[in-house]
Every structure is written in C-alpha cells, then in structure tokens.
Amino acid sequence: MSLKKNTIWNLVGSGSPLLAAAVCIPYTLKQLGAEGFGVLTLIWALIGYFNFFDFGAGRALTYEISRLRTAMLDALPEARRSAIHNILKAGLLLTAVTGVLGFFLIMGFAYPLAHDWLKITPAWQHDTKIALQITALGVIPATLTSGMRGALEGLGQFKESNINKIFLGFCMFILPALSIMMHGSSLWKITVYLVLARLITVAYGCFQLKHYLIIRHKLTPIKQDFGGIKLQIRQLVSYGFWVTITGIVSPLMVYGDRFFVSALVGADKLSEYAIPQEGLMRLLMIPIAICGALMPVFATIASRTDLHQSYATNLRRMAKIMAGLCLLTLLVAYPGFAWWISPEFAQKAFPITVVLVFGTFINGIAVVPYTLLHATGNTKTTALFHVFELFFYTALLVVLTKQFGLIGAAFAWVCRVTVDWVLLHFAAQRLFKQNKTTSQDQECPPS
C-alpha cells in the first residue's frame, strides 16, 4: 500500500468540493435567505449523518477485507476473490437493512421536526417537511455508499473510492444552486436532486466493485448460501457492533448540535454557526484523509513495537499539520467571510470561528488514536467513550447555548472534543503498555 498516494487521493476527494462550495454557497444563501439556508444545512447534516448509520459495516469491511487480503496473499486469485465476494455481499446486505431503518426513522420524525422542534417559521414548515421525507428516501443509498467506500478502501482502491466522494461533494453544493436556478427556492426540489446524486453513486459503486460482486460459479443450495451470509454478517457485526455505537453517537455530536442550536436560538441564526462549522469540518479532511489511508496499514502491522513507533510518528506529524492549518484559518477567516458573504456576516461569525478553530486543532489530532484503536480491534473502547461524551456534551450544549447563544454552543463543542482527545490518547497509551507487559511475560516465563 502507498500511504502517500492514498492520502493524496483522500485529500483530493475531500478537498476539491470546496471549490464548488466557494462558488455556490453565497448564491444559495442569498436566494434561500438565512432561515431557508439554515434548514438546508440540517438536510446536509442528515445526509452526512446517515453516511455513518451503517451499523459499522463500512469500517468493518475496510478492516476485514484488508486483513483478508494480507492473510490470503499466497492463495489462488479465485479463492481470494470468492472470500472477498462473500464478505462484501454480507456487508452490503447489512448496510441496506440499516438504510431501511434510517428511512423509517426520518420519515417518522419529519413532521414534528418541521412543525414543532426546530422553530421554523410557518412559511418554511410545509416545504421542510416534504424535504425531510425525501431525505428519508436518500438514507438507503447513503448507507450503501458507505459500505462500498469501506470495501474499496479495504481493497486499497482509494482512487476509486474518492471518485465517488468528489462527485458527491460537488453535487452537495452545485445541485442546490442549480435547482434554485431551474425551479426557484424550493427545499424539497433541492432534496430530490441530492437523492438522485446518491442513487447515481450507488450504481457507479456497483460498477467499480463488479469484479467482486459478480462471480459465476456453481449454484449452492439456498440454505447453505443463507447460512454463509449469516456467518459473514456475524463476523462483520462482531467487529462492527461497537463501531455501530460510535457510528450512531459520534455523528450526533458532529451534526446533531445544529438541531439543538436551531431549537434553542432559531433556524434564522443557524447559518452564523453552521457555515463556519461546515468549513472547519472540511479542514478536518486532512487528518481524516491521512488516517483513512493509515487504517489498513495499522491493521496489518504485526509488530507492536513498530505499531507504537508508527503511531507516535504520525501523532507528531498530525500536530504540526493541524497547527499550521489552524493558524492559517485564523488569519484568513474574517477577510474571507467579509469578501465571500458580507462584512456583517463576518462580524457575527468570526468569534464563533475562533472558538471552533481551537477545537478543530484538538479534534484533528484525536483522529490518530481513534484510527489506531479501530485498527487494533478496540472498537468497544471508542464506543463507550462516545456514549459518555454524548450525555456530557448534550447537557453542556443546552446549558451554554441557553446562557451564551451561538458562542456558548461553540465552547461546548470544544470541551467535548478536548475530553475525546484525552480519553483516546490515554487508551492508546494503555494499549501499548499492556502489550509491552504481555511481551515481557512471554519472554520471561516463571521458573
């Protein structure tokens, strides 16, 4: 595996859509207004959230397929292909089921979200309800896309995975502007375009994986085939159960705060918080890109000493990278917002951006121990941390947002990511300490 090459592809996949965002967001914000654009950011958040609502199957497929490729290096190509086919088929079935669950979840909450919970004015309520119901239809292709991306990365095909990511990233910003030009300021029509983009991505993902999805072999009895699928699903769930907890809880803390902020201060003020947050989430694409390429590498390093050294090296590198990026962001944020949107928006959003930048630095570093723990199978640890953080963060978010408004919400997020970094780093250090003790015990058996 080429870590440098895979990281570059991850960066291109996450970063190139920023060009579309820079061009399209000012136009979309102007046409929809503050409240309409605030609702659109909630739709983006839901679609982004359900990328992770796959019961951990995407990450589990990366883990299992990368290990399978290593274990079967000496096997016949057809045997290796058949093994990958079986695990891939089970993973996509699992993601489809979770997509259906997500569909019913959003469909059930569409009305109360639009009419009661988010403080949306009557002029936008009906449009928002229909848009949320259409978003529910997009959950199934979103979870399937997540599973396919995990499989492609497990196969080391980062280029192919990021072609999909680039397409979806551009569509997220270009399609709303295109829909407004063609149909006016209608949220539900924007959402139709976004869901169609997801369906196209699923179709193309099937084409990319056709070598492993379609295998012509002798038909096996249905009962035996079903038993094999159950076994593979159990194998994925054994790794993915705790990833599922993380996959449900972690995005709630990344995107869910917008719903709390909207409910507490109103959707018309949400853009002052959501636009800086969305931009800084894109800044995190760099540590995510690096660690996305590191995941299969960490998973296949046999020597714990080498793994510890690799972890420490990448942690120091990440701290330097994030420090430079965050400093640059602070320098360009105010003039950038003033030029890009308006001086009035820059004046309101810049204090929030300063607080969020500090949290982004911490959050970027935390991606390294998070990736290490998942690569070594310690998914339960990260899941328990995130469950604790969810309750802690929700309480803190409500208190600080009520007391201080948007700046309070930003401080709550910084506190949460700081706690997350401390817990993850100490868990990583404890892992190496335990492995060192075990190694010493094996070298010096009792006499």
# chains A, B, ... in the order shown; residues from 1 in each chain; ligands from 1
call {"tool": "residues_around", "arguments": {"residues": "Phe411 of chain A", "least_positions_apart": "6", "cutoff": "8 Å", "atoms": "only C-alpha atoms", "output": "list in words"}}
result
Val355, Leu356 and Leu400 of chain A
call {"tool": "write_last_selection", "arguments": {"atoms": "all heavy atoms", "output": "PDB file, in the first residue's frame"}}
result
ATOM      1  N   VAL A 355     -13.323  30.157  18.237  1.00  0.00           N
ATOM      2  CA  VAL A 355     -13.509  29.084  19.222  1.00  0.00           C
ATOM      3  C   VAL A 355     -13.482  27.719  18.535  1.00  0.00           C
ATOM      4  O   VAL A 355     -12.824  26.783  19.000  1.00  0.00           O
ATOM      5  CB  VAL A 355     -14.844  29.288  19.981  1.00  0.00           C
ATOM      6  CG1 VAL A 355     -15.077  28.141  20.960  1.00  0.00           C
ATOM      7  CG2 VAL A 355     -14.831  30.621  20.720  1.00  0.00           C
ATOM      8  N   LEU A 356     -14.186  27.610  17.406  1.00  0.00           N
ATOM      9  CA  LEU A 356     -14.255  26.321  16.706  1.00  0.00           C
ATOM     10  C   LEU A 356     -12.904  25.900  16.130  1.00  0.00           C
ATOM     11  O   LEU A 356     -12.614  24.707  16.036  1.00  0.00           O
ATOM     12  CB  LEU A 356     -15.289  26.396  15.581  1.00  0.00           C
ATOM     13  CG  LEU A 356     -16.760  26.513  16.006  1.00  0.00           C
ATOM     14  CD1 LEU A 356     -17.663  26.674  14.778  1.00  0.00           C
ATOM     15  CD2 LEU A 356     -17.201  25.305  16.822  1.00  0.00           C
ATOM     16  N   LEU A 400     -24.908  25.932  27.883  1.00  0.00           N
ATOM     17  CA  LEU A 400     -24.105  27.026  27.356  1.00  0.00           C
ATOM     18  C   LEU A 400     -24.816  27.776  26.227  1.00  0.00           C
ATOM     19  O   LEU A 400     -24.659  28.994  26.081  1.00  0.00           O
ATOM     20  CB  LEU A 400     -22.749  26.509  26.871  1.00  0.00           C
ATOM     21  CG  LEU A 400     -21.811  25.997  27.960  1.00  0.00           C
ATOM     22  CD1 LEU A 400     -20.456  25.597  27.362  1.00  0.00           C
ATOM     23  CD2 LEU A 400     -21.599  27.042  29.048  1.00  0.00           C
TER      24      LEU A 400
END
call {"tool": "residues_around", "arguments": {"residues": "segment 359-362 of chain A", "least_positions_apart": "2", "cutoff": "9 Å", "atoms": "only C-alpha atoms", "output": "list in words"}}
result
Leu280, Met281, Leu283, Leu284, Ala319, Met322, Ala323, Leu325, Cys326, Val355, Leu356, Val357, Gly364, Ile365, Ala366, Ala410, Phe411, Trp413, Val414, Cys415, Arg416, Val417, Thr418, Asp420 and Trp421 of chain A
call {"tool": "write_last_selection", "arguments": {"atoms": "N, CA, C and O atoms", "output": "CSV table (one decimal), in the first residue's frame"}}
result
chain,number,residue,atom,x,y,z
A,280,LEU,N,-14.9,24.2,8.8
A,280,LEU,CA,-13.9,23.6,9.6
A,280,LEU,C,-14.0,22.1,9.5
A,280,LEU,O,-13.0,21.4,9.7
A,281,MET,N,-15.2,21.5,9.3
A,281,MET,CA,-15.3,20.1,9.1
A,281,MET,C,-14.5,19.7,7.8
A,281,MET,O,-14.0,18.6,7.8
A,283,LEU,N,-11.9,21.3,6.9
A,283,LEU,CA,-10.5,21.3,7.3
A,283,LEU,C,-10.0,20.0,7.9
A,283,LEU,O,-8.9,19.6,7.7
A,284,LEU,N,-10.9,19.3,8.6
A,284,LEU,CA,-10.6,18.0,9.1
A,284,LEU,C,-10.4,16.9,8.1
A,284,LEU,O,-10.0,15.8,8.4
A,319,ALA,N,0.0,16.8,14.7
A,319,ALA,CA,0.0,18.0,15.5
A,319,ALA,C,0.6,19.2,14.7
A,319,ALA,O,0.1,20.3,14.8
A,322,MET,N,-1.9,20.2,11.8
A,322,MET,CA,-3.1,20.9,12.3
A,322,MET,C,-2.7,22.3,12.8
A,322,MET,O,-3.5,23.2,12.7
A,323,ALA,N,-1.6,22.4,13.5
A,323,ALA,CA,-1.2,23.8,14.0
A,323,ALA,C,-1.0,24.7,12.8
A,323,ALA,O,-1.5,25.9,12.9
A,325,LEU,N,-2.4,24.5,9.8
A,325,LEU,CA,-3.7,24.8,9.1
A,325,LEU,C,-4.6,25.7,10.0
A,325,LEU,O,-5.3,26.6,9.4
A,326,CYS,N,-4.6,25.5,11.3
A,326,CYS,CA,-5.5,26.3,12.1
A,326,CYS,C,-5.0,27.7,12.2
A,326,CYS,O,-5.8,28.7,12.2
A,355,VAL,N,-13.3,30.2,18.2
A,355,VAL,CA,-13.5,29.1,19.2
A,355,VAL,C,-13.5,27.7,18.5
A,355,VAL,O,-12.8,26.8,19.0
A,356,LEU,N,-14.2,27.6,17.4
A,356,LEU,CA,-14.3,26.3,16.7
A,356,LEU,C,-12.9,25.9,16.1
A,356,LEU,O,-12.6,24.7,16.0
A,357,VAL,N,-12.1,26.9,15.7
A,357,VAL,CA,-10.7,26.5,15.2
A,357,VAL,C,-9.9,25.8,16.3
A,357,VAL,O,-9.2,24.9,16.0
A,364,GLY,N,-8.5,17.2,15.2
A,364,GLY,CA,-7.7,16.6,14.2
A,364,GLY,C,-6.6,15.7,14.7
A,364,GLY,O,-6.4,14.6,14.1
A,365,ILE,N,-6.1,16.1,15.8
A,365,ILE,CA,-5.1,15.2,16.5
A,365,ILE,C,-5.7,13.9,17.0
A,365,ILE,O,-5.1,12.8,16.9
A,366,ALA,N,-6.9,14.0,17.5
A,366,ALA,CA,-7.6,12.9,18.1
A,366,ALA,C,-7.9,11.8,17.0
A,366,ALA,O,-8.2,10.6,17.4
A,410,ALA,N,-20.4,26.8,20.6
A,410,ALA,CA,-19.1,26.6,20.1
A,410,ALA,C,-18.1,26.1,21.3
A,410,ALA,O,-17.3,25.2,21.1
A,411,PHE,N,-18.2,26.8,22.4
A,411,PHE,CA,-17.4,26.4,23.6
A,411,PHE,C,-17.8,25.0,24.1
A,411,PHE,O,-16.9,24.2,24.5
A,413,TRP,N,-18.8,22.5,22.2
A,413,TRP,CA,-18.1,21.6,21.2
A,413,TRP,C,-16.6,21.4,21.5
A,413,TRP,O,-16.1,20.3,21.5
A,414,VAL,N,-16.0,22.5,21.8
A,414,VAL,CA,-14.5,22.5,22.2
A,414,VAL,C,-14.3,21.6,23.4
A,414,VAL,O,-13.4,20.8,23.5
A,415,CYS,N,-15.1,21.8,24.4
A,415,CYS,CA,-15.0,21.0,25.6
A,415,CYS,C,-15.1,19.5,25.3
A,415,CYS,O,-14.4,18.7,25.8
A,416,ARG,N,-16.1,19.2,24.4
A,416,ARG,CA,-16.4,17.8,24.1
A,416,ARG,C,-15.2,17.2,23.4
A,416,ARG,O,-14.7,16.1,23.7
A,417,VAL,N,-14.6,17.9,22.4
A,417,VAL,CA,-13.5,17.3,21.6
A,417,VAL,C,-12.2,17.2,22.4
A,417,VAL,O,-11.4,16.3,22.2
A,418,THR,N,-12.1,18.1,23.4
A,418,THR,CA,-10.9,18.0,24.3
A,418,THR,C,-11.0,16.8,25.2
A,418,THR,O,-10.0,16.0,25.3
A,420,ASP,N,-12.6,14.1,24.4
A,420,ASP,CA,-12.5,13.0,23.5
A,420,ASP,C,-11.0,12.7,23.2
A,420,ASP,O,-10.6,11.5,23.3
A,421,TRP,N,-10.2,13.7,23.0
A,421,TRP,CA,-8.8,13.5,22.7
A,421,TRP,C,-8.1,12.9,23.9
A,421,TRP,O,-7.3,12.0,23.8
call {"tool": "closest_atom_pairs", "arguments": {"of": "segment 327-422 of chain A", "to": "segment 18-35 of chain A", "cutoff": "12 Å", "atoms": "only C-alpha atoms", "output": "JSON lines"}}
result
{"residue": "A:Gly336", "atom": "CA", "partner": "A:Ala22", "partner_atom": "CA", "distance": 10.3}
{"residue": "A:Phe337", "atom": "CA", "partner": "A:Pro26", "partner_atom": "CA", "distance": 10.1}
{"residue": "A:Ala338", "atom": "CA", "partner": "A:Pro26", "partner_atom": "CA", "distance": 11.3}
{"residue": "A:Trp339", "atom": "CA", "partner": "A:Pro26", "partner_atom": "CA", "distance": 10.2}
{"residue": "A:Trp340", "atom": "CA", "partner": "A:Pro26", "partner_atom": "CA", "distance": 6.8}
{"residue": "A:Ile341", "atom": "CA", "partner": "A:Pro26", "partner_atom": "CA", "distance": 5.7}
{"residue": "A:Ser342", "atom": "CA", "partner": "A:Pro26", "partner_atom": "CA", "distance": 9.2}
{"residue": "A:Phe345", "atom": "CA", "partner": "A:Ala34", "partner_atom": "CA", "distance": 10.7}
call {"tool": "closest_residue", "arguments": {"among": "A:Ala114, A:Ile8, A:Ala96, A:Met253", "to": "Tyr393 of chain A", "atoms": "only C-alpha atoms"}}
result
A:Met253
call {"tool": "atom_distance", "arguments": {"atom1": "atom CA of Leu101 of chain A", "atom2": "atom CA of Lys165 of chain A"}}
result
23.7 Å
call {"tool": "residues_around", "arguments": {"residues": "Val39 of chain A", "least_positions_apart": "3", "cutoff": "12 Å", "atoms": "only C-alpha atoms", "output": "count of residues only"}}
result
42
call {"tool": "residues_around", "arguments": {"residues": "Ala333 of chain A", "least_positions_apart": "6", "cutoff": "9 Å", "atoms": "only C-alpha atoms", "output": "ChimeraX atom specification"}}
result
/A:276,346,350,353-354
call {"tool": "atom_distance", "arguments": {"atom1": "atom CA of Thr329 of chain A", "atom2": "atom CA of Gly279 of chain A"}}
result
9.9 Å
call {"tool": "residues_around", "arguments": {"residues": "Phe207 of chain A", "least_positions_apart": "4", "cutoff": "12 Å", "atoms": "only C-alpha atoms", "output": "PyMOL selection string"}}
result
chain A and resi 148+152+160-161+164+200-203+211-214
call {"tool": "write_last_selection", "arguments": {"atoms": "N, CA, C and O atoms", "output": "PDB file, in the first residue's frame"}}
result
ATOM      1  N   MET A 148     -19.848   0.503   0.370  1.00  0.00           N
ATOM      2  CA  MET A 148     -18.999   0.374  -0.820  1.00  0.00           C
ATOM      3  C   MET A 148     -17.674   1.097  -0.638  1.00  0.00           C
ATOM      4  O   MET A 148     -16.618   0.603  -1.053  1.00  0.00           O
ATOM      5  N   LEU A 152     -13.945  -0.571  -0.912  1.00  0.00           N
ATOM      6  CA  LEU A 152     -12.911  -0.065  -1.825  1.00  0.00           C
ATOM      7  C   LEU A 152     -11.632   0.287  -1.071  1.00  0.00           C
ATOM      8  O   LEU A 152     -10.525   0.004  -1.535  1.00  0.00           O
ATOM      9  N   GLU A 160     -10.536   4.994  -6.613  1.00  0.00           N
ATOM     10  CA  GLU A 160     -11.912   4.705  -6.982  1.00  0.00           C
ATOM     11  C   GLU A 160     -12.891   5.206  -5.921  1.00  0.00           C
ATOM     12  O   GLU A 160     -13.948   5.758  -6.236  1.00  0.00           O
ATOM     13  N   SER A 161     -12.524   5.008  -4.650  1.00  0.00           N
ATOM     14  CA  SER A 161     -13.380   5.480  -3.565  1.00  0.00           C
ATOM     15  C   SER A 161     -13.560   6.989  -3.608  1.00  0.00           C
ATOM     16  O   SER A 161     -14.655   7.520  -3.397  1.00  0.00           O
ATOM     17  N   ASN A 164     -15.994   8.720  -6.194  1.00  0.00           N
ATOM     18  CA  ASN A 164     -17.360   8.844  -5.680  1.00  0.00           C
ATOM     19  C   ASN A 164     -17.484  10.026  -4.727  1.00  0.00           C
ATOM     20  O   ASN A 164     -18.461  10.780  -4.768  1.00  0.00           O
ATOM     21  N   ILE A 200     -27.062   7.639  -8.215  1.00  0.00           N
ATOM     22  CA  ILE A 200     -26.046   7.511  -9.258  1.00  0.00           C
ATOM     23  C   ILE A 200     -24.752   6.954  -8.669  1.00  0.00           C
ATOM     24  O   ILE A 200     -24.089   6.103  -9.276  1.00  0.00           O
ATOM     25  N   THR A 201     -24.395   7.412  -7.472  1.00  0.00           N
ATOM     26  CA  THR A 201     -23.174   6.940  -6.822  1.00  0.00           C
ATOM     27  C   THR A 201     -23.247   5.455  -6.501  1.00  0.00           C
ATOM     28  O   THR A 201     -22.255   4.734  -6.641  1.00  0.00           O
ATOM     29  N   VAL A 202     -24.410   4.994  -6.062  1.00  0.00           N
ATOM     30  CA  VAL A 202     -24.584   3.560  -5.782  1.00  0.00           C
ATOM     31  C   VAL A 202     -24.391   2.746  -7.058  1.00  0.00           C
ATOM     32  O   VAL A 202     -23.709   1.711  -7.063  1.00  0.00           O
ATOM     33  N   ALA A 203     -24.997   3.208  -8.149  1.00  0.00           N
ATOM     34  CA  ALA A 203     -24.868   2.487  -9.424  1.00  0.00           C
ATOM     35  C   ALA A 203     -23.408   2.428  -9.867  1.00  0.00           C
ATOM     36  O   ALA A 203     -22.920   1.369 -10.310  1.00  0.00           O
ATOM     37  N   HIS A 211     -16.094  -6.779 -10.117  1.00  0.00           N
ATOM     38  CA  HIS A 211     -15.182  -7.927 -10.114  1.00  0.00           C
ATOM     39  C   HIS A 211     -15.421  -8.802  -8.896  1.00  0.00           C
ATOM     40  O   HIS A 211     -15.221 -10.032  -8.945  1.00  0.00           O
ATOM     41  N   TYR A 212     -15.845  -8.177  -7.772  1.00  0.00           N
ATOM     42  CA  TYR A 212     -16.075  -8.931  -6.538  1.00  0.00           C
ATOM     43  C   TYR A 212     -17.556  -9.172  -6.272  1.00  0.00           C
ATOM     44  O   TYR A 212     -17.907 -10.076  -5.525  1.00  0.00           O
ATOM     45  N   LEU A 213     -18.427  -8.353  -6.851  1.00  0.00           N
ATOM     46  CA  LEU A 213     -19.856  -8.531  -6.641  1.00  0.00           C
ATOM     47  C   LEU A 213     -20.429  -9.660  -7.486  1.00  0.00           C
ATOM     48  O   LEU A 213     -21.337 -10.376  -7.057  1.00  0.00           O
ATOM     49  N   ILE A 214     -19.915  -9.796  -8.707  1.00  0.00           N
ATOM     50  CA  ILE A 214     -20.468 -10.784  -9.643  1.00  0.00           C
ATOM     51  C   ILE A 214     -19.446 -11.898  -9.876  1.00  0.00           C
ATOM     52  O   ILE A 214     -18.378 -11.666 -10.447  1.00  0.00           O
TER      53      ILE A 214
END
call {"tool": "closest_atom_pairs", "arguments": {"of": "segment 138-157 of chain A", "to": "segment 55-61 of chain A", "cutoff": "8 Å", "atoms": "only C-alpha atoms", "output": "tab-separated table"}}
result
residue	atom	partner	partner_atom	distance
A:Ser146	CA	A:Gly58	CA	5.4
A:Gly147	CA	A:Gly58	CA	4.1
A:Met148	CA	A:Gly58	CA	7.1
A:Arg149	CA	A:Gly58	CA	6.8
A:Gly150	CA	A:Gly58	CA	4.3
A:Ala151	CA	A:Leu61	CA	5.3
A:Gly154	CA	A:Leu61	CA	6.6
call {"tool": "decode", "arguments": {"residues": "segment 417-429 of chain A", "atoms": "all heavy atoms", "output": "PDB file, in the first residue's frame"}}
result
ATOM      1  N   VAL A 417     -14.609  17.867  22.368  1.00  0.00           N
ATOM      2  CA  VAL A 417     -13.508  17.272  21.604  1.00  0.00           C
ATOM      3  C   VAL A 417     -12.235  17.191  22.447  1.00  0.00           C
ATOM      4  O   VAL A 417     -11.395  16.313  22.220  1.00  0.00           O
ATOM      5  CB  VAL A 417     -13.238  18.044  20.290  1.00  0.00           C
ATOM      6  CG1 VAL A 417     -14.450  17.967  19.376  1.00  0.00           C
ATOM      7  CG2 VAL A 417     -12.830  19.493  20.537  1.00  0.00           C
ATOM      8  N   THR A 418     -12.093  18.083  23.431  1.00  0.00           N
ATOM      9  CA  THR A 418     -10.935  18.007  24.327  1.00  0.00           C
ATOM     10  C   THR A 418     -11.011  16.751  25.188  1.00  0.00           C
ATOM     11  O   THR A 418     -10.022  16.018  25.345  1.00  0.00           O
ATOM     12  CB  THR A 418     -10.858  19.253  25.219  1.00  0.00           C
ATOM     13  OG1 THR A 418     -10.779  20.425  24.399  1.00  0.00           O
ATOM     14  CG2 THR A 418      -9.642  19.199  26.132  1.00  0.00           C
ATOM     15  N   VAL A 419     -12.191  16.497  25.741  1.00  0.00           N
ATOM     16  CA  VAL A 419     -12.388  15.273  26.530  1.00  0.00           C
ATOM     17  C   VAL A 419     -12.156  14.044  25.652  1.00  0.00           C
ATOM     18  O   VAL A 419     -11.521  13.068  26.071  1.00  0.00           O
ATOM     19  CB  VAL A 419     -13.808  15.255  27.136  1.00  0.00           C
ATOM     20  CG1 VAL A 419     -14.125  13.894  27.755  1.00  0.00           C
ATOM     21  CG2 VAL A 419     -13.942  16.346  28.192  1.00  0.00           C
ATOM     22  N   ASP A 420     -12.635  14.083  24.420  1.00  0.00           N
ATOM     23  CA  ASP A 420     -12.471  12.973  23.489  1.00  0.00           C
ATOM     24  C   ASP A 420     -10.996  12.681  23.230  1.00  0.00           C
ATOM     25  O   ASP A 420     -10.560  11.522  23.269  1.00  0.00           O
ATOM     26  CB  ASP A 420     -13.182  13.319  22.180  1.00  0.00           C
ATOM     27  CG  ASP A 420     -13.186  12.166  21.194  1.00  0.00           C
ATOM     28  OD1 ASP A 420     -13.667  11.076  21.553  1.00  0.00           O
ATOM     29  OD2 ASP A 420     -12.709  12.353  20.055  1.00  0.00           O
ATOM     30  N   TRP A 421     -10.214  13.719  22.965  1.00  0.00           N
ATOM     31  CA  TRP A 421      -8.778  13.549  22.708  1.00  0.00           C
ATOM     32  C   TRP A 421      -8.065  12.940  23.912  1.00  0.00           C
ATOM     33  O   TRP A 421      -7.269  12.006  23.762  1.00  0.00           O
ATOM     34  CB  TRP A 421      -8.157  14.892  22.338  1.00  0.00           C
ATOM     35  CG  TRP A 421      -6.727  15.049  22.762  1.00  0.00           C
ATOM     36  CD1 TRP A 421      -6.225  15.939  23.652  1.00  0.00           C
ATOM     37  CD2 TRP A 421      -5.594  14.283  22.319  1.00  0.00           C
ATOM     38  NE1 TRP A 421      -4.878  15.777  23.806  1.00  0.00           N
ATOM     39  CE2 TRP A 421      -4.468  14.778  23.002  1.00  0.00           C
ATOM     40  CE3 TRP A 421      -5.437  13.230  21.427  1.00  0.00           C
ATOM     41  CZ2 TRP A 421      -3.198  14.247  22.803  1.00  0.00           C
ATOM     42  CZ3 TRP A 421      -4.165  12.709  21.235  1.00  0.00           C
ATOM     43  CH2 TRP A 421      -3.068  13.215  21.912  1.00  0.00           C
ATOM     44  N   VAL A 422      -8.356  13.437  25.102  1.00  0.00           N
ATOM     45  CA  VAL A 422      -7.693  12.931  26.310  1.00  0.00           C
ATOM     46  C   VAL A 422      -7.997  11.446  26.502  1.00  0.00           C
ATOM     47  O   VAL A 422      -7.096  10.625  26.751  1.00  0.00           O
ATOM     48  CB  VAL A 422      -8.129  13.749  27.545  1.00  0.00           C
ATOM     49  CG1 VAL A 422      -7.625  13.092  28.830  1.00  0.00           C
ATOM     50  CG2 VAL A 422      -7.603  15.178  27.452  1.00  0.00           C
ATOM     51  N   LEU A 423      -9.264  11.073  26.364  1.00  0.00           N
ATOM     52  CA  LEU A 423      -9.657   9.671  26.557  1.00  0.00           C
ATOM     53  C   LEU A 423      -9.012   8.756  25.515  1.00  0.00           C
ATOM     54  O   LEU A 423      -8.494   7.685  25.846  1.00  0.00           O
ATOM     55  CB  LEU A 423     -11.173   9.549  26.492  1.00  0.00           C
ATOM     56  CG  LEU A 423     -11.973  10.182  27.637  1.00  0.00           C
ATOM     57  CD1 LEU A 423     -13.470  10.119  27.349  1.00  0.00           C
ATOM     58  CD2 LEU A 423     -11.660   9.509  28.962  1.00  0.00           C
ATOM     59  N   LEU A 424      -9.044   9.171  24.250  1.00  0.00           N
ATOM     60  CA  LEU A 424      -8.495   8.330  23.178  1.00  0.00           C
ATOM     61  C   LEU A 424      -6.983   8.161  23.321  1.00  0.00           C
ATOM     62  O   LEU A 424      -6.449   7.059  23.132  1.00  0.00           O
ATOM     63  CB  LEU A 424      -8.824   8.941  21.813  1.00  0.00           C
ATOM     64  CG  LEU A 424     -10.292   8.894  21.382  1.00  0.00           C
ATOM     65  CD1 LEU A 424     -10.503   9.724  20.126  1.00  0.00           C
ATOM     66  CD2 LEU A 424     -10.750   7.460  21.146  1.00  0.00           C
ATOM     67  N   HIS A 425      -6.283   9.249  23.639  1.00  0.00           N
ATOM     68  CA  HIS A 425      -4.821   9.173  23.742  1.00  0.00           C
ATOM     69  C   HIS A 425      -4.409   8.266  24.899  1.00  0.00           C
ATOM     70  O   HIS A 425      -3.488   7.441  24.751  1.00  0.00           O
ATOM     71  CB  HIS A 425      -4.247  10.571  23.928  1.00  0.00           C
ATOM     72  CG  HIS A 425      -2.754  10.586  24.047  1.00  0.00           C
ATOM     73  ND1 HIS A 425      -1.930  10.191  23.004  1.00  0.00           N
ATOM     74  CD2 HIS A 425      -1.928  10.920  25.079  1.00  0.00           C
ATOM     75  CE1 HIS A 425      -0.657  10.295  23.390  1.00  0.00           C
ATOM     76  NE2 HIS A 425      -0.638  10.733  24.632  1.00  0.00           N
ATOM     77  N   PHE A 426      -5.067   8.407  26.041  1.00  0.00           N
ATOM     78  CA  PHE A 426      -4.715   7.549  27.168  1.00  0.00           C
ATOM     79  C   PHE A 426      -5.072   6.096  26.901  1.00  0.00           C
ATOM     80  O   PHE A 426      -4.367   5.185  27.355  1.00  0.00           O
ATOM     81  CB  PHE A 426      -5.394   8.052  28.454  1.00  0.00           C
ATOM     82  CG  PHE A 426      -4.633   9.144  29.143  1.00  0.00           C
ATOM     83  CD1 PHE A 426      -5.021  10.466  29.011  1.00  0.00           C
ATOM     84  CD2 PHE A 426      -3.507   8.871  29.905  1.00  0.00           C
ATOM     85  CE1 PHE A 426      -4.320  11.486  29.624  1.00  0.00           C
ATOM     86  CE2 PHE A 426      -2.795   9.875  30.525  1.00  0.00           C
ATOM     87  CZ  PHE A 426      -3.200  11.197  30.387  1.00  0.00           C
ATOM     88  N   ALA A 427      -6.140   5.850  26.159  1.00  0.00           N
ATOM     89  CA  ALA A 427      -6.488   4.469  25.788  1.00  0.00           C
ATOM     90  C   ALA A 427      -5.423   3.872  24.880  1.00  0.00           C
ATOM     91  O   ALA A 427      -5.069   2.692  25.010  1.00  0.00           O
ATOM     92  CB  ALA A 427      -7.849   4.449  25.110  1.00  0.00           C
ATOM     93  N   ALA A 428      -4.895   4.684  23.959  1.00  0.00           N
ATOM     94  CA  ALA A 428      -3.831   4.204  23.067  1.00  0.00           C
ATOM     95  C   ALA A 428      -2.567   3.878  23.861  1.00  0.00           C
ATOM     96  O   ALA A 428      -1.926   2.845  23.642  1.00  0.00           O
ATOM     97  CB  ALA A 428      -3.535   5.249  21.999  1.00  0.00           C
ATOM     98  N   GLN A 429      -2.203   4.752  24.769  1.00  0.00           N
ATOM     99  CA  GLN A 429      -1.010   4.519  25.588  1.00  0.00           C
ATOM    100  C   GLN A 429      -1.173   3.287  26.476  1.00  0.00           C
ATOM    101  O   GLN A 429      -0.231   2.513  26.673  1.00  0.00           O
ATOM    102  CB  GLN A 429      -0.723   5.754  26.451  1.00  0.00           C
ATOM    103  CG  GLN A 429      -0.332   6.989  25.672  1.00  0.00           C
ATOM    104  CD  GLN A 429       0.915   6.774  24.826  1.00  0.00           C
ATOM    105  OE1 GLN A 429       1.857   6.095  25.233  1.00  0.00           O
ATOM    106  NE2 GLN A 429       0.918   7.343  23.637  1.00  0.00           N
TER     107      GLN A 429
END
